[in-house]
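What follows is a short report on a single structure.
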Amino acid sequence: MNSRYTRQETFKGIGKEGQKRLREKHALILGVGALGSANAEMLVRAGVGTVTIIDRDIVEWSNLHRQQLYTETHAENQTPKAIAAKERLQNLNRETVIKSYVIDAKADNLEKLVKEADVIIDGSDNFDIRFIINDLSLKYRIPWIFGAFAGSFGMSHTFIPGQTPCLQCLLPALPTDGMSCETAGIIAPAVQVTASYQTAEAMKILTENTSDLRQTLLLFDVWKAQHQSIGMKGVKKASCSSCGDHPSYPYLQAEGNTKLEVLCGRDTVQIRPPNITSYNFSTLARELEQHGDVHHNQYILTCVLPECRMNVFHDGRVLIHGVNEVERAKLLYQRFFEHTGS
Amino acid sequence: MNSRYTRQETFKGIGKEGQKRLREKHALILGVGALGSANAEMLVRAGVGTVTIIDRDIVEWSNLHRQQLYTETHAENQTPKAIAAKERLQNLNRETVIKSYVIDAKADNLEKLVKEADVIIDGSDNFDIRFIINDLSLKYRIPWIFGAFAGSFGMSHTFIPGQTPCLQCLLPALPTDGMSCETAGIIAPAVQVTASYQTAEAMKILTENTSDLRQTLLLFDVWKAQHQSIGMKGVKKASCSSCGDHPSYPYLQAEGNTKLEVLCGRDTVQIRPPNITSYNFSTLARELEQHGDVHHNQYILTCVLPECRMNVFHDGRVLIHGVNEVERAKLLYQRFFEHTGS
Amino acid sequence: MVKVLLFARLQEEAGTDSLTVPQSDMSVAELKQWLEKEYGLTSLSNTMTAINENYTDDSALLSEGDTVALIPPVSGG
Amino acid sequence: MVKVLLFARLQEEAGTDSLTVPQSDMSVAELKQWLEKEYGLTSLSNTMTAINENYTDDSALLSEGDTVALIPPVSGG
């Protein structure tokens with residue numbers, strides 16, 4: 001076991017001292033889809049002391065071509081990603097403490113979890129949550145590492161509170177036309193390159209090798225073998241409401257009412273009730289059995305109807321599969337769930 | 001299951017037609033260490049019809065930080081990599097036929113295996129075997145994709161018989177000063193970026209999307225975020241003994257006598273007997289028990305002596321761990337094995 | 001003259017990864033409008049922009065010989 | 001004048017990733033010898049070489065303003 005990290009300690013950027021530091025540090029990975037899986041596996045294998053993973057989704061067949069922690073069995077059993085990921089990661093390194101949360105990350109529940117982290121790694125698939133990460137990073141002075149991809153194209157940037165510009169300096173408005181996996185597809189090599197640049201930066205932060213940190217926005221296309229670094233001179237804005245002289249952290253304010261949200265990469269609408277509900281799956285199953293086929297495991301209840309498939313989580317979230325329009329999903333939700341729950 | 005490859009089919013470089021072609025094709029991966037693991041996982045998940053993996057080694061603790069198909073259990077059980085890899089890969093995609101060989105690849109045994117492949121992926125760790133791959137690729141007109149790394153630096157090139165220059169055009173002599181994992185260490189992100197560029201090229205070949213193939217030698221440093229493409233104009237030599245007008249395939253000729261070889265990345269010498277031996281582990285165990293602690297599983301027999309640890313394979317190969325000098329290893333081998341075997 | 005580098009979906013929309021724009025006497029916002037009209041590129045308003053490999057915004061003014069990179073934010077993770 | 005880009009172990013040996021060589025009137029082989037002597041770089045004989053981003057060999061002659069990349073073959077897999 002002594003030789004476990006020899007090859008990594010031999011690498012100049014880490015060394016024996018860096019290896020010791022990795023063991024003392026805590027990385028939080030928000031989302032263990034494609035990027036989160038790849039980052040989590042590299043950091044756990046590398047010997048990071050504590051890794052927190054957070055994800056609201058279950059493993060689906062369409063994930064398997066690019067999300068490396070999951071097997072066909074996970075897709076068959078509809079295992080929540082955070083559960084499946086923890087199981088695999090722990091087999092890779094029993095020395096790493098792995099904390100796993102099947103929750104829908106929002107500003108309030110994240111706030112408690114991020115405080116302990118030394119770095120936050122973006123494994124999310126939308127900019128709503130990235131702006132929340134950005135504000136949490138600034139409020140608690142924790143670096144975060146942005147990553148995103150579409151098709152064969154990927155990008156990454158490292159945000160260091162007090163030093164670099166923040167996400168809001170780069171994107172004053174929430175992007176509405178972001179190319180998603182839905183429209184451009186995705187190939188696994190683009191995931192891996194994006195995650196590799198994220199992990200390399202995380203390693204620098206966790207080994208306190210901050211002088212090696214990249215100062216640029218990195219862009220690359222793994223199919224065309226293009227690569228570009230964009231400098232950030234003059235981008236940080238003193239007036240920025242997130243990182244400026246008088247920050248208000250706008251994305252940590254005010255959560256909405258019942259929030260409907262179209263998820264990335266599939267025919268699915270997620271419904272989030274305004275209050276956290278706690279379903280009794282046996283009771284709920286009896287109700288829904290009047291309408292369709294129902295089965296459930298420890299984490300999730302599935303109801304198959306002629307027009308759609310619904311997955312229900314303990315916390316009240318419902319994923320409606322086979323539906324793309326938000327309004328239609330809302331109607332289905334109201335029909336089956338508005339009168340249920342505790 | 002229909003939606004399994006949707007995101008990949010949506011990617012323009014692949015499409016539905018490309019996905020069908022992947023299913024009909026055969027990729028051979030020579031070596032499932034770090035690069036081989038990463039390539040194999042991506043190609044199996046991507047839905048390639050048949051994947052052949054070849055490796056002579058067993059999983060060791062020092063592999064785990066960068067070799068993604070293996071767990072701590074594999075290191076504890078000293079499972080051969082080709083066996084452990086097949087098990088994991090099959091759980092990722094039961095539709096892919098996975099052929100797995102625990103053998104020490106040489107020109108003669110490889111020649112039979114490569115003939116069926118549509119692409120050969122370099123997962124090896126030395127140039128001896130790469131020159132053999134190069135000659136086999138040219139003799140049987142099968143493209144191969146070179147990949148190698150050290151520290152945070154990696155390189156890759158795609159060799160297409162009849163079109164590109166070959167490895168021997170690039171390196172007229174066998175490199176003797178190649179920086180190895182032994183001296184420069186290695187971090188997982190460098191592995192993943194190298195493998196990602198290999199897999200992207202393999203996907204182009206397997207989907208017959210050859211116009212997208214990269215024509216350049218790619219160099220990159222994942223820690224420094226450097227990236228360089230080197231063109232190949234005028235490099236192909238008509239006089240080349242591997243790819244020229246009158247090829248002799250020098251690396252497919254003449255194998256040596258008892259061949260001793262220092263493996264990459266650890267205190268180990270491998271001894272290869274001149275004739276394939278077939279050990280009966282029970283008989284061998286009784287002999288060696290006079291000298292040290294002996295235990296064996298289905299694939300491997302381990303004998304722990306005061307001065308070293310020896311692993312013996314059915315085919316007669318012996319790995320002597322804890323020894324760096326070839327001469328000392330030879331003496332140990334002669335003392336314990338020259339009179340054994342069938 | 002200004003050189004424009006395109007990334008991600010913009011490469012597909014324009015059918016190329018770089019363009020040459022004959023004049024340079026304009027802002028980034030004006031360049032984006034011009035490209036939307038001339039090349040049918042869709043919604044460049046949220047596109048990130050760099051001039052000569054440094055990040056900038058829509059109000060920046062271009063100079064002769066500049067290289068402008070237009071980077072649509074992607075969201076997959 | 002010739003610009004020399006270094007990769008992998010050569011960066012560590014030279015303590016930098018690029019060098020400037022004052023003269024250009026030589027072959028790649030001569031440049032390698034000169035660098036071994038001046039910068040203490042070890043065994044450049046097997047190092048792969050590119051001039052202006054195209055692969056070449058030791059016999060190639062340099063010209064004023066060329067950029068030479070020296071790439072030690074690495075073997076890890």
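Residue numbering restarts at 1 for every chain of the structure tokens, chains are lettered A, B, ... in their displayed order, and ligands are numbered from 1 as they appear.
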Problem set entry | Selection near D:Asn46, 12 Å with only C-alpha atoms, sequence-local residues under 2 positions removed, as a VMD selection string | (chain B and resid 170 to 179) or (chain D and resid 29 32 42 to 44 48 to 49 57 to 58 70 to 74)
For this session: Identify all residues of chain D in alpha helix (DSSP H) (DSSP on the backbone) and supply them as a ChimeraX atom specification.
Result: /D:9-14,28-39
Problem set entry | Test item: residues at most 8 Å from C:Ala14, only C-alpha atoms, excluding those fewer than 3 positions along its chain, as a PyMOL selection string | chain C and resi 10-11+17+39-41
Selection from above, N, CA, C and O atoms, as a PDB file, in the first residue's frame, can you write it?
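Output file again_12.pdb follows:
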```pdb
ATOM      1  N   LEU C  10     -21.447  27.733 -33.612  1.00  0.00           N
ATOM      2  CA  LEU C  10     -21.236  28.774 -34.625  1.00  0.00           C
ATOM      3  C   LEU C  10     -20.453  28.231 -35.814  1.00  0.00           C
ATOM      4  O   LEU C  10     -20.646  28.673 -36.947  1.00  0.00           O
ATOM      5  N   GLN C  11     -19.550  27.272 -35.562  1.00  0.00           N
ATOM      6  CA  GLN C  11     -18.820  26.650 -36.670  1.00  0.00           C
ATOM      7  C   GLN C  11     -19.785  25.957 -37.614  1.00  0.00           C
ATOM      8  O   GLN C  11     -19.636  26.022 -38.837  1.00  0.00           O
ATOM      9  N   ASP C  17     -14.661  27.532 -39.450  1.00  0.00           N
ATOM     10  CA  ASP C  17     -14.268  27.932 -38.102  1.00  0.00           C
ATOM     11  C   ASP C  17     -13.601  29.308 -38.056  1.00  0.00           C
ATOM     12  O   ASP C  17     -13.199  29.767 -36.995  1.00  0.00           O
ATOM     13  N   TYR C  39     -24.130  36.175 -42.188  1.00  0.00           N
ATOM     14  CA  TYR C  39     -23.880  34.729 -42.162  1.00  0.00           C
ATOM     15  C   TYR C  39     -25.023  33.934 -41.547  1.00  0.00           C
ATOM     16  O   TYR C  39     -24.911  32.726 -41.356  1.00  0.00           O
ATOM     17  N   GLY C  40     -26.114  34.617 -41.209  1.00  0.00           N
ATOM     18  CA  GLY C  40     -27.253  33.912 -40.624  1.00  0.00           C
ATOM     19  C   GLY C  40     -26.936  33.248 -39.296  1.00  0.00           C
ATOM     20  O   GLY C  40     -27.548  32.244 -38.942  1.00  0.00           O
ATOM     21  N   LEU C  41     -25.956  33.769 -38.563  1.00  0.00           N
ATOM     22  CA  LEU C  41     -25.652  33.212 -37.244  1.00  0.00           C
ATOM     23  C   LEU C  41     -26.761  33.616 -36.275  1.00  0.00           C
ATOM     24  O   LEU C  41     -27.192  34.764 -36.259  1.00  0.00           O
TER      25      LEU C  41
END
```
Exercise. Skipping near chain neighbours, those fewer than 3 positions away, what residues fall within 6 Å of stretch 60-77 of chain B using only C-alpha atoms, listed as a ChimeraX atom specification?
Worked result: /A:3-4,45-46,91-92 /B:33-34,37,85,188
For this session: Do me a favour and pick out the residues of chain B within 7 Å of chain D, using only C-alpha atoms, as a VMD selection string.
Result: chain B and resid 33 to 35 123 to 127 148 to 150 153 175 178 to 181 229 to 233 235
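In this structure, atom CA of B:Thr216 sits 12.7 Å away from atom CA of A:Trp223.
The residue set within 6 Å of stretch 22-26 of chain C, counting only C-alpha atoms and dropping same-chain residues fewer than 5 places from it, reads Met1, Val2, Leu61, Leu62, Ser63 and Glu64 of chain C.
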